[in-house]
file query21.tsv (TSV, C-alpha atoms and all ligand atoms)
chain	number	residue	atom	x	y	z
B	1	MET	CA	5.74	31.54	21.18
B	2	LYS	CA	6.40	30.11	17.73
B	3	ARG	CA	8.93	27.28	17.21
B	4	LYS	CA	11.28	29.59	15.32
B	5	GLU	CA	11.52	31.75	18.44
B	6	VAL	CA	13.28	29.09	20.51
B	7	ASN	CA	16.47	27.30	19.55
B	8	SER	CA	15.03	23.78	19.51
B	9	SER	CA	16.96	21.53	17.12
B	10	ARG	CA	14.04	19.31	16.26
B	11	MET	CA	10.34	19.58	15.58
B	12	PRO	CA	8.49	19.72	18.93
B	13	VAL	CA	5.29	17.87	19.76
B	14	TYR	CA	2.35	19.90	18.47
B	15	ARG	CA	-0.64	18.54	20.35
B	16	ASP	CA	-3.08	21.08	18.90
B	17	SER	CA	-6.19	19.44	17.50
B	18	GLY	CA	-6.94	22.52	15.39
B	19	PHE	CA	-4.55	25.23	14.12
B	20	GLU	CA	-5.18	28.96	14.02
B	21	LEU	CA	-6.30	30.12	10.57
B	22	TYR	CA	-6.75	33.85	11.37
B	23	ASP	CA	-9.32	34.89	8.75
B	24	ALA	CA	-11.76	33.65	6.12
B	25	GLY	CA	-9.24	34.03	3.28
B	26	THR	CA	-6.55	31.91	4.97
B	27	THR	CA	-9.21	29.39	5.98
B	28	SER	CA	-10.59	28.87	2.48
B	29	GLY	CA	-7.03	28.77	1.06
B	30	ALA	CA	-5.99	26.12	3.58
B	31	PHE	CA	-9.07	23.97	2.94
B	32	LYS	CA	-8.59	24.28	-0.81
B	33	LYS	CA	-5.00	23.09	-0.47
B	34	GLU	CA	-6.14	20.35	1.87
B	35	THR	CA	-8.51	18.87	-0.71
B	36	GLU	CA	-5.75	19.23	-3.28
B	37	HIS	CA	-3.60	17.31	-0.76
B	38	GLU	CA	-0.59	19.55	-1.07
B	39	ARG	CA	2.02	18.85	1.62
B	40	GLU	CA	2.97	22.44	2.39
B	41	PRO	CA	4.83	23.02	5.65
B	42	ASP	CA	2.59	25.79	7.02
B	43	ASN	CA	-0.76	24.55	5.81
B	44	TYR	CA	-2.17	22.96	8.96
B	45	ILE	CA	-5.88	22.85	9.72
B	46	TYR	CA	-6.73	19.95	12.00
B	47	SER	CA	-4.51	17.16	13.36
B	48	ARG	CA	-6.58	14.32	11.94
B	49	TYR	CA	-5.77	15.78	8.48
B	50	ARG	CA	-2.13	16.67	9.03
B	51	ASN	CA	0.12	17.56	11.92
B	52	PRO	CA	3.60	19.17	11.84
B	53	THR	CA	5.20	16.65	14.19
B	54	VAL	CA	3.81	13.79	12.10
B	55	VAL	CA	5.04	15.43	8.87
B	56	SER	CA	8.49	15.80	10.41
B	57	ALA	CA	8.63	12.05	11.22
B	58	GLU	CA	7.35	11.29	7.70
B	59	GLU	CA	10.24	13.27	6.26
B	60	GLU	CA	12.72	11.06	8.16
B	61	ILE	CA	11.13	7.98	6.57
B	62	MET	CA	11.16	9.58	3.10
B	63	LYS	CA	14.94	9.99	3.47
B	64	LEU	CA	15.35	6.32	4.38
B	65	GLU	CA	13.11	4.96	1.61
B	66	GLY	CA	14.26	7.56	-0.94
B	67	CYS	CA	10.65	8.29	-1.90
B	68	SER	CA	8.58	11.38	-2.59
B	69	TRP	CA	5.93	10.81	0.08
B	70	ALA	CA	5.33	8.84	3.29
B	71	LEU	CA	2.12	8.77	5.34
B	72	LEU	CA	2.18	7.73	8.97
B	73	THR	CA	-0.72	5.93	10.64
B	74	GLN	CA	-1.37	4.69	14.19
B	75	SER	CA	-0.33	1.09	13.47
B	76	GLY	CA	0.97	-1.22	10.78
B	77	MET	CA	-2.57	-2.54	10.37
B	78	SER	CA	-4.00	0.91	9.71
B	79	ALA	CA	-1.21	1.46	7.16
B	80	ILE	CA	-2.30	-1.76	5.42
B	81	ASP	CA	-5.96	-0.68	5.50
B	82	THR	CA	-5.03	2.75	4.10
B	83	ALA	CA	-2.88	1.29	1.30
B	84	LEU	CA	-5.54	-1.21	0.24
B	85	SER	CA	-8.32	1.41	0.32
B	86	VAL	CA	-6.67	3.08	-2.69
B	87	PHE	CA	-7.71	0.10	-4.83
B	88	GLN	CA	-11.32	-0.17	-3.70
B	89	HIS	CA	-13.67	1.33	-6.31
B	90	GLY	CA	-17.07	-0.07	-5.34
B	91	LYS	CA	-18.49	-2.50	-7.88
B	92	GLU	CA	-15.68	-1.68	-10.32
B	93	THR	CA	-13.05	-3.26	-8.03
B	94	LYS	CA	-11.09	-6.00	-9.78
B	95	PRO	CA	-9.74	-9.06	-7.86
B	96	TRP	CA	-7.01	-8.57	-5.21
B	97	LEU	CA	-4.18	-11.11	-5.07
B	98	PHE	CA	-2.32	-11.79	-1.80
B	99	PHE	CA	0.63	-14.11	-1.26
B	100	THR	CA	-0.24	-16.48	1.59
B	101	GLU	CA	3.06	-16.10	3.49
B	102	ILE	CA	2.23	-12.77	5.08
B	103	TYR	CA	1.66	-11.56	8.65
B	104	GLY	CA	-1.15	-13.53	10.38
B	105	GLY	CA	-2.91	-10.29	11.39
B	106	THR	CA	-3.06	-9.28	7.72
B	107	ILE	CA	-4.60	-12.65	6.82
B	108	SER	CA	-7.20	-12.23	9.61
B	109	PHE	CA	-7.97	-8.71	8.33
B	110	ILE	CA	-8.40	-10.05	4.79
B	111	GLU	CA	-10.69	-12.86	5.93
B	112	SER	CA	-12.87	-11.06	8.46
B	113	VAL	CA	-12.96	-7.53	7.05
B	114	LEU	CA	-12.13	-7.56	3.34
B	115	LYS	CA	-13.96	-10.78	2.50
B	116	LYS	CA	-16.76	-11.10	5.07
B	117	ARG	CA	-17.67	-7.47	5.69
B	118	ARG	CA	-16.65	-5.74	2.45
B	119	GLY	CA	-17.30	-8.68	0.10
B	120	LEU	CA	-14.14	-8.14	-1.95
B	121	ASP	CA	-12.97	-10.68	-4.53
B	122	ILE	CA	-9.87	-12.01	-2.76
B	123	HIS	CA	-7.39	-14.56	-4.15
B	124	TYR	CA	-4.28	-16.12	-2.64
B	125	PHE	CA	-1.01	-17.33	-4.10
B	126	THR	CA	0.71	-20.10	-2.10
B	127	PRO	CA	4.41	-21.08	-2.13
B	128	ASP	CA	5.40	-24.54	-3.25
B	129	ASN	CA	7.94	-26.25	-0.98
B	130	GLY	CA	9.05	-22.99	0.63
B	131	LYS	CA	9.45	-21.08	-2.66
B	132	TYR	CA	7.11	-19.13	-4.91
B	133	ASP	CA	6.78	-20.79	-8.33
B	134	LEU	CA	7.05	-17.78	-10.64
B	135	ASN	CA	5.77	-19.62	-13.73
B	136	GLU	CA	2.64	-20.54	-11.81
B	137	PHE	CA	2.42	-16.93	-10.55
B	138	GLU	CA	2.47	-15.63	-14.12
B	139	LYS	CA	-0.41	-17.98	-15.04
B	140	VAL	CA	-2.47	-16.77	-12.06
B	141	VAL	CA	-1.81	-13.07	-12.75
B	142	SER	CA	-2.55	-13.34	-16.47
B	143	ARG	CA	-5.84	-15.15	-15.73
B	144	LEU	CA	-7.02	-12.93	-12.84
B	145	LYS	CA	-5.61	-9.56	-13.93
B	146	PRO	CA	-5.74	-8.42	-10.30
B	147	GLU	CA	-5.91	-4.80	-9.21
B	148	PHE	CA	-2.71	-5.43	-7.21
B	149	VAL	CA	-0.40	-8.15	-5.94
B	150	TYR	CA	0.44	-8.01	-2.21
B	151	ILE	CA	3.62	-9.58	-0.82
B	152	GLU	CA	6.09	-9.38	2.07
B	153	SER	CA	9.77	-9.16	1.16
B	154	ILE	CA	10.66	-11.53	4.05
B	155	SER	CA	7.82	-13.69	5.36
B	156	ASN	CA	7.03	-14.70	8.91
B	157	PRO	CA	7.93	-17.13	10.55
B	158	MET	CA	9.61	-19.18	7.77
B	159	LEU	CA	11.52	-16.11	6.48
B	160	ILE	CA	10.84	-16.82	2.81
B	161	VAL	CA	12.41	-14.08	0.70
B	162	ALA	CA	10.23	-13.17	-2.28
B	163	ASP	CA	11.88	-12.51	-5.64
B	164	VAL	CA	10.40	-9.01	-5.71
B	165	THR	CA	12.19	-8.11	-8.97
B	166	GLU	CA	10.56	-10.95	-10.90
B	167	ILE	CA	7.21	-10.67	-9.14
B	168	THR	CA	7.04	-6.95	-9.94
B	169	ARG	CA	8.06	-7.49	-13.56
B	170	THR	CA	5.33	-10.11	-14.03
B	171	ALA	CA	2.65	-8.10	-12.22
B	172	LYS	CA	3.42	-4.98	-14.27
B	173	LYS	CA	3.34	-6.96	-17.52
B	174	HIS	CA	-0.29	-7.81	-16.74
B	175	GLY	CA	-1.28	-4.32	-15.58
B	176	SER	CA	-1.31	-5.00	-11.82
B	177	LYS	CA	0.12	-2.75	-9.12
B	178	VAL	CA	2.47	-4.15	-6.46
B	179	ILE	CA	2.21	-3.53	-2.71
B	180	ILE	CA	4.98	-4.74	-0.38
B	181	ASP	CA	5.07	-5.01	3.37
B	182	ASN	CA	8.80	-4.42	3.87
B	183	THR	CA	8.77	-4.50	7.69
B	184	PHE	CA	11.25	-7.39	8.05
B	185	ALA	CA	13.75	-6.27	5.37
B	186	THR	CA	13.56	-2.48	5.98
B	187	PRO	CA	15.07	0.01	3.49
B	188	TRP	CA	18.48	-0.73	4.95
B	189	LEU	CA	18.47	-4.11	3.18
B	190	TYR	CA	16.22	-3.32	0.29
B	191	LYS	CA	14.23	-0.48	-1.30
B	192	PRO	CA	11.36	-1.97	-3.35
B	193	LEU	CA	10.25	1.40	-4.80
B	194	ASP	CA	13.51	1.44	-6.81
B	195	GLU	CA	12.25	-1.70	-8.60
B	196	GLY	CA	8.95	-0.12	-9.59
B	197	VAL	CA	6.87	-1.36	-6.65
B	198	ASP	CA	3.94	1.04	-6.15
B	199	ILE	CA	3.46	1.08	-2.36
B	200	VAL	CA	5.76	0.09	0.50
B	201	ILE	CA	4.22	-0.54	3.91
B	202	HIS	CA	5.97	-0.85	7.27
B	203	SER	CA	4.85	-1.63	10.73
B	204	ALA	CA	6.92	1.24	12.18
B	205	THR	CA	6.19	-0.33	15.57
B	206	LYS	CA	9.13	-2.63	14.77
B	207	TYR	CA	12.56	-1.57	13.45
B	208	PHE	CA	11.82	2.10	12.68
B	209	SER	CA	10.77	2.74	16.27
B	210	GLY	CA	13.12	0.02	17.53
B	211	HIS	CA	12.40	0.34	21.24
B	212	GLY	CA	9.10	-1.48	21.74
B	213	ASN	CA	7.47	1.69	23.08
B	214	LEU	CA	4.97	2.79	20.41
B	215	THR	CA	2.77	1.47	17.63
B	216	ALA	CA	2.85	3.11	14.22
B	217	GLY	CA	2.59	2.27	10.54
B	218	VAL	CA	3.64	3.98	7.35
B	219	ILE	CA	2.92	3.77	3.66
B	220	CYS	CA	5.46	5.13	1.16
B	221	GLY	CA	5.45	5.76	-2.56
B	222	ASN	CA	6.17	8.08	-5.47
B	223	ASP	CA	2.82	8.19	-7.31
B	224	LYS	CA	0.94	11.39	-6.46
B	225	LYS	CA	-2.52	9.98	-7.24
B	226	ILE	CA	-1.97	7.09	-4.85
B	227	MET	CA	-0.81	9.56	-2.18
B	228	GLN	CA	-3.89	11.75	-2.62
B	229	SER	CA	-6.25	8.81	-2.36
B	230	ALA	CA	-4.42	7.47	0.73
B	231	ILE	CA	-4.40	10.90	2.45
B	232	GLU	CA	-8.13	11.18	1.86
B	233	TYR	CA	-8.83	7.75	3.37
B	234	ARG	CA	-6.50	8.33	6.35
B	235	LYS	CA	-8.33	11.59	7.05
B	236	PHE	CA	-11.85	10.18	6.72
B	237	VAL	CA	-11.31	7.09	8.88
B	238	GLY	CA	-8.97	8.84	11.32
B	239	HIS	CA	-5.93	6.58	10.92
B	240	MET	CA	-3.53	9.47	11.63
B	241	LEU	CA	-0.59	8.87	14.01
B	242	SER	CA	-0.62	10.84	17.27
B	243	PRO	CA	1.88	13.74	17.59
B	244	ASP	CA	3.41	12.18	20.72
B	245	ASP	CA	4.16	8.90	18.97
B	246	ALA	CA	5.40	10.81	15.91
B	247	TYR	CA	7.81	12.76	18.12
B	248	ARG	CA	9.27	9.60	19.64
B	249	LEU	CA	9.41	7.95	16.24
B	250	GLN	CA	11.25	10.89	14.59
B	251	THR	CA	13.81	10.77	17.42
B	252	GLN	CA	14.29	7.00	17.58
B	253	ILE	CA	14.46	6.58	13.81
B	254	GLN	CA	17.71	8.55	13.75
B	255	SER	CA	19.52	5.49	15.12
B	256	PHE	CA	17.66	3.05	12.85
B	257	GLU	CA	20.57	2.14	10.56
B	258	LEU	CA	22.99	1.70	13.46
B	259	ARG	CA	20.55	-0.51	15.32
B	260	PHE	CA	19.33	-2.57	12.40
B	261	SER	CA	22.77	-3.22	10.89
B	262	ARG	CA	23.94	-4.52	14.25
B	263	GLN	CA	20.79	-6.63	14.64
B	264	CYS	CA	21.47	-8.17	11.21
B	265	ASP	CA	25.09	-8.92	12.18
B	266	ASN	CA	24.05	-10.48	15.48
B	267	ALA	CA	21.41	-12.58	13.71
B	268	SER	CA	23.87	-13.86	11.07
B	269	LYS	CA	26.35	-14.95	13.77
B	270	LEU	CA	23.65	-16.51	15.92
B	271	ALA	CA	22.06	-18.43	13.03
B	272	GLU	CA	25.46	-19.96	12.14
B	273	HIS	CA	25.97	-20.87	15.77
B	274	LEU	CA	22.52	-22.45	16.19
B	275	SER	CA	22.94	-24.46	12.99
B	276	ARG	CA	25.86	-26.32	14.63
B	277	VAL	CA	23.94	-27.34	17.78
B	278	PRO	CA	22.98	-31.07	17.79
B	279	VAL	CA	19.75	-30.62	19.79
B	280	ILE	CA	18.44	-28.18	17.16
B	281	LYS	CA	17.00	-29.96	14.13
B	282	LYS	CA	16.74	-27.06	11.73
B	283	VAL	CA	17.42	-23.31	11.54
B	284	TRP	CA	15.51	-21.07	9.13
B	285	PHE	CA	17.51	-17.95	8.30
B	286	PRO	CA	17.87	-16.53	4.77
B	287	GLY	CA	21.60	-16.01	5.32
B	288	LEU	CA	22.23	-19.76	5.69
B	289	LYS	CA	22.99	-21.68	2.50
B	290	SER	CA	20.46	-24.30	3.65
B	291	HIS	CA	17.56	-21.79	3.52
B	292	PHE	CA	15.31	-22.38	0.50
B	293	THR	CA	15.49	-18.70	-0.57
B	294	HIS	CA	19.15	-18.01	0.27
B	295	ILE	CA	20.10	-17.23	-3.35
B	296	ILE	CA	17.18	-14.82	-3.77
B	297	ALA	CA	18.13	-13.14	-0.48
B	298	GLU	CA	21.73	-12.68	-1.66
B	299	LYS	CA	20.51	-11.19	-4.92
B	300	LEU	CA	17.96	-8.85	-3.30
B	301	PHE	CA	19.95	-7.66	-0.29
B	302	GLY	CA	23.35	-7.45	-2.04
B	303	GLY	CA	25.24	-9.02	0.88
B	304	LYS	CA	24.32	-6.26	3.36
B	305	GLY	CA	22.68	-8.76	5.70
B	306	PHE	CA	19.68	-11.09	5.87
B	307	GLY	CA	17.40	-9.49	8.43
B	308	ALA	CA	17.31	-10.05	12.17
B	309	MET	CA	14.74	-12.84	12.53
B	310	ILE	CA	15.64	-16.49	13.09
B	311	THR	CA	13.30	-19.46	13.40
B	312	PHE	CA	14.60	-22.79	14.72
B	313	ASP	CA	13.21	-26.14	15.70
B	314	PHE	CA	14.18	-28.49	18.54
B	315	ASP	CA	14.85	-32.11	17.70
B	316	GLY	CA	13.39	-34.92	19.80
B	317	LYS	CA	12.18	-38.51	19.62
B	318	ASP	CA	8.52	-37.40	19.60
B	319	GLU	CA	6.32	-34.29	19.83
B	320	ASN	CA	6.34	-34.31	23.64
B	321	GLU	CA	10.11	-34.26	23.82
B	322	LYS	CA	10.26	-31.43	21.26
B	323	ARG	CA	7.69	-29.38	23.17
B	324	GLY	CA	9.49	-30.15	26.45
B	325	ARG	CA	12.80	-28.87	25.04
B	326	ARG	CA	11.11	-25.75	23.69
B	327	ASP	CA	9.53	-25.02	27.09
B	328	LYS	CA	12.78	-25.66	28.95
B	329	PHE	CA	14.63	-23.30	26.59
B	330	ILE	CA	12.05	-20.54	27.13
B	331	LYS	CA	12.42	-20.98	30.90
B	332	LEU	CA	16.22	-21.14	30.93
B	333	VAL	CA	16.72	-17.97	28.87
B	334	SER	CA	13.85	-16.01	30.44
B	335	GLU	CA	16.09	-13.74	32.55
B	336	LYS	CA	17.64	-12.26	29.40
B	337	ILE	CA	15.36	-13.26	26.50
B	338	LYS	CA	11.69	-12.55	27.14
B	339	LEU	CA	8.67	-14.10	25.48
B	340	ILE	CA	7.15	-10.93	24.00
B	341	PRO	CA	4.81	-11.14	21.00
B	342	THR	CA	6.39	-8.46	18.83
B	343	LEU	CA	9.71	-7.98	17.05
B	344	GLY	CA	12.41	-5.38	16.46
B	345	ASP	CA	12.97	-4.62	20.16
B	346	PRO	CA	16.44	-3.56	21.45
B	347	ASN	CA	16.99	-6.94	23.13
B	348	THR	CA	16.45	-10.38	21.67
B	349	ILE	CA	12.91	-11.65	22.32
B	350	LEU	CA	11.19	-14.89	21.36
B	351	MET	CA	7.87	-16.50	20.45
B	352	PRO	CA	6.84	-20.19	20.46
B	353	VAL	CA	5.57	-20.70	16.89
B	354	GLU	CA	3.00	-23.44	17.62
B	355	ALA	CA	1.30	-21.39	20.36
B	356	VAL	CA	0.80	-18.49	17.96
B	357	TRP	CA	0.38	-19.96	14.48
B	358	GLY	CA	-1.20	-23.31	15.52
B	359	ILE	CA	-1.05	-26.18	13.06
B	360	LYS	CA	0.02	-24.05	10.08
B	361	TYR	CA	3.67	-24.83	10.91
B	362	PRO	CA	3.39	-28.31	12.40
B	363	GLU	CA	6.78	-28.53	14.15
B	364	PRO	CA	5.99	-28.31	17.89
B	365	GLY	CA	9.55	-27.40	18.94
B	366	MET	CA	9.71	-24.24	16.84
B	367	ILE	CA	10.85	-20.91	18.28
B	368	ARG	CA	11.04	-17.57	16.50
B	369	LEU	CA	13.73	-15.15	17.66
B	370	SER	CA	13.75	-11.43	17.02
B	371	VAL	CA	17.45	-10.69	17.47
B	372	GLY	CA	18.35	-7.49	19.28
B	373	PHE	CA	21.34	-5.18	19.22
B	374	GLU	CA	22.75	-6.24	22.59
B	375	ASP	CA	26.35	-7.42	22.96
B	376	TYR	CA	26.67	-10.55	20.80
B	377	SER	CA	28.95	-12.56	23.08
B	378	GLU	CA	26.51	-12.15	25.98
B	379	LEU	CA	23.61	-13.20	23.78
B	380	GLU	CA	25.46	-16.29	22.55
B	381	ALA	CA	26.52	-17.15	26.11
B	382	THR	CA	22.89	-16.99	27.36
B	383	ILE	CA	21.70	-19.26	24.57
B	384	THR	CA	24.62	-21.68	24.83
B	385	LYS	CA	24.06	-22.10	28.58
B	386	ALA	CA	20.37	-22.89	28.02
B	387	LEU	CA	21.15	-25.36	25.22
B	388	GLU	CA	23.72	-27.13	27.41
B	389	GLY	CA	21.02	-27.43	30.09
B	390	ILE	CA	18.71	-29.04	27.54
B	391	GLU	CA	21.38	-31.43	26.19
B	392	LYS	CA	22.05	-32.63	29.74
B	393	GLY	CA	18.32	-33.54	29.91
B	401	LIG	N1	3.25	-6.34	9.03
B	401	LIG	C1	4.07	-7.21	9.63
B	401	LIG	C2	5.07	-7.94	8.80
B	401	LIG	C3	3.98	-7.46	11.00
B	401	LIG	O1	4.80	-8.35	11.57
B	401	LIG	C4	3.00	-6.75	11.75
B	401	LIG	C5	2.86	-6.98	13.20
B	401	LIG	O2	3.50	-7.82	13.79
B	401	LIG	C6	2.16	-5.84	11.09
B	401	LIG	C7	2.32	-5.64	9.73
B	401	LIG	C8	1.13	-5.07	11.84
B	401	LIG	O3	1.74	-4.00	12.49
B	401	LIG	P1	1.18	-3.31	13.83
B	401	LIG	O4	1.23	-4.33	14.90
B	401	LIG	O5	2.07	-2.14	14.01
B	401	LIG	O6	-0.23	-2.93	13.52
call {"tool": "encode", "arguments": {"input": "query21.tsv", "output": "structure tokens"}}
result
Amino acid sequence: MKRKEVNSSRMPVYRDSGFELYDAGTTSGAFKKETEHEREPDNYIYSRYRNPTVVSAEEEIMKLEGCSWALLTQSGMSAIDTALSVFQHGKETKPWLFFTEIYGGTISFIESVLKKRRGLDIHYFTPDNGKYDLNEFEKVVSRLKPEFVYIESISNPMLIVADVTEITRTAKKHGSKVIIDNTFATPWLYKPLDEGVDIVIHSATKYFSGHGNLTAGVICGNDKKIMQSAIEYRKFVGHMLSPDDAYRLQTQIQSFELRFSRQCDNASKLAEHLSRVPVIKKVWFPGLKSHFTHIIAEKLFGGKGFGAMITFDFDGKDENEKRGRRDKFIKLVSEKIKLIPTLGDPNTILMPVEAVWGIKYPEPGMIRLSVGFEDYSELEATITKALEGIEKG
């Protein structure tokens, strides 16, 4: 029975590995279109190339990003690999420039795959005192003339907001493309393609899925040549998302704006609250005036919110006391706030920064919160009770 023959309101899960092509004429037509990379609704050949359930989830993301194509992959990392592959042209490949404040897994991928195994000419741009010096950036870009510049709109765990407008303007002036991992900001806060950014990447595992029950990645854009090159790579290396995960993603993404806007609201309230607690030395949240990129965040996100991640640091007379307070906090909130190494889940979850990032962020009492969309007063009550326990000693 064909889908049109039942009154299902959404695209079902098509688990077929191969699709029926009926005769030699249809087959050669479909393969011809496949190499031309046309996204036609009935042109399915093999699920590693394209799958209707995956296309349906991609269409949901295209609506959110307001872009002309989106390609889903099995993880955020495979989305990054697919996006970067577009700019690899053998010996002709020019340098690639990455900002240093990006996801640790991306840095590991750069170091152990792009540099060591593929021998690419990789360069980094580092922030100065928590901010990117754009004059210095212009000098680096004009000297290197990189193939592309790679940034995250909100970095992790210090939540540095990049001035994407200025970075893109400078990169374009020197003939470089711009790739942004927009996982933390999401299109709800900010749509980088509107500013001329060439590729937007998301770990759809996080806010798009929003329920901690699948891994997926997506790359989005408007340039057809980039899309064709990315489709080809995704097909050859087999980075395609599974139809089951695509089905869950296309369903869960319908509540994305509701969930994420509430997560942003909860995070703004919680960050204000934490910044008034004596036992906490510092709170990093782009919505706080004290954050080094607060003004950029206001400009970029237009007051809609500041994301749903908060990093804070326990005070203490020495490192042992700070670590002790951190550990006590993790224990006291553990009924409600779990230590889970991801982000964007329905409930607030946490990570001890030192245990994950090591000495890169040398404050031992640091905790990173991914704020959920649970009832705010309950969340604040859980945290307040734990902090009172810590203040009592
Ligand atoms: N980009 C960012 C900003 C991330 O935080 C992560 C994972 O935490 C990734 C990419 C990788 O995504 P995935 O775990 O879905 O492969």
call {"tool": "residues_around", "arguments": {"input": "query21.tsv", "residues": "Asn129 (chain B)", "least_positions_apart": "6", "cutoff": "12 Å", "atoms": "only C-alpha atoms", "output": "number ranges by chain"}}
result
B: 158, 160, 291-293
call {"tool": "residues_near_ligand", "arguments": {"input": "query21.tsv", "ligand": "ligand LIG 401 (chain B)", "cutoff": "9 Å", "atoms": "only C-alpha atoms and all ligand atoms", "output": "ChimeraX atom specification"}}
result
/B:74-80,102-106,152,154-156,181-184,201-206,214-217,341-343
call {"tool": "atom_distance", "arguments": {"input": "query21.tsv", "atom1": "CA of Glu138 (chain B)", "atom2": "CA of Asn222 (chain B)"}}
result
25.5 Å
call {"tool": "atom_distance", "arguments": {"input": "query21.tsv", "atom1": "CA of Arg259 (chain B)", "atom2": "CA of Phe301 (chain B)"}}
result
17.2 Å
call {"tool": "closest_residue", "arguments": {"input": "query21.tsv", "among": "B:Glu34, B:Glu58, B:Asp345, B:Glu378", "to": "Val333 (chain B)", "atoms": "all atoms listed in the file"}}
result
B:Glu378
call {"tool": "atom_distance", "arguments": {"input": "query21.tsv", "atom1": "CA of Ile179 (chain B)", "atom2": "CA of Tyr233 (chain B)"}}
result
16.9 Å
call {"tool": "residues_around", "arguments": {"input": "query21.tsv", "residues": "Ala230 (chain B)", "least_positions_apart": "2", "cutoff": "7 Å", "atoms": "only C-alpha atoms", "output": "list in words"}}
result
Thr82, Ala83, Val86, Ile226, Met227, Gln228, Glu232, Tyr233 and Arg234 of chain B
call {"tool": "residues_near_point", "arguments": {"input": "query21.tsv", "point": "(13.3, -35.7, 31.1)", "cutoff": "9 Å", "atoms": "only C-alpha atoms", "output": "list of chain:residue names"}}
result
B:Glu321, B:Gly324, B:Gly393
call {"tool": "write_last_selection", "arguments": {"input": "query21.tsv", "atoms": "C-alpha atoms", "output": "PDB file, in the frame of the given file"}}
result
ATOM      1  CA  GLU B 321      10.110 -34.260  23.820  1.00  0.00           C
ATOM      2  CA  GLY B 324       9.490 -30.150  26.450  1.00  0.00           C
ATOM      3  CA  GLY B 393      18.320 -33.540  29.910  1.00  0.00           C
TER       4      GLY B 393
END
call {"tool": "closest_residue", "arguments": {"input": "query21.tsv", "among": "B:Tyr361, B:Tyr46, B:Phe312, B:Phe208", "to": "Glu60 (chain B)", "atoms": "only C-alpha atoms"}}
result
B:Phe208
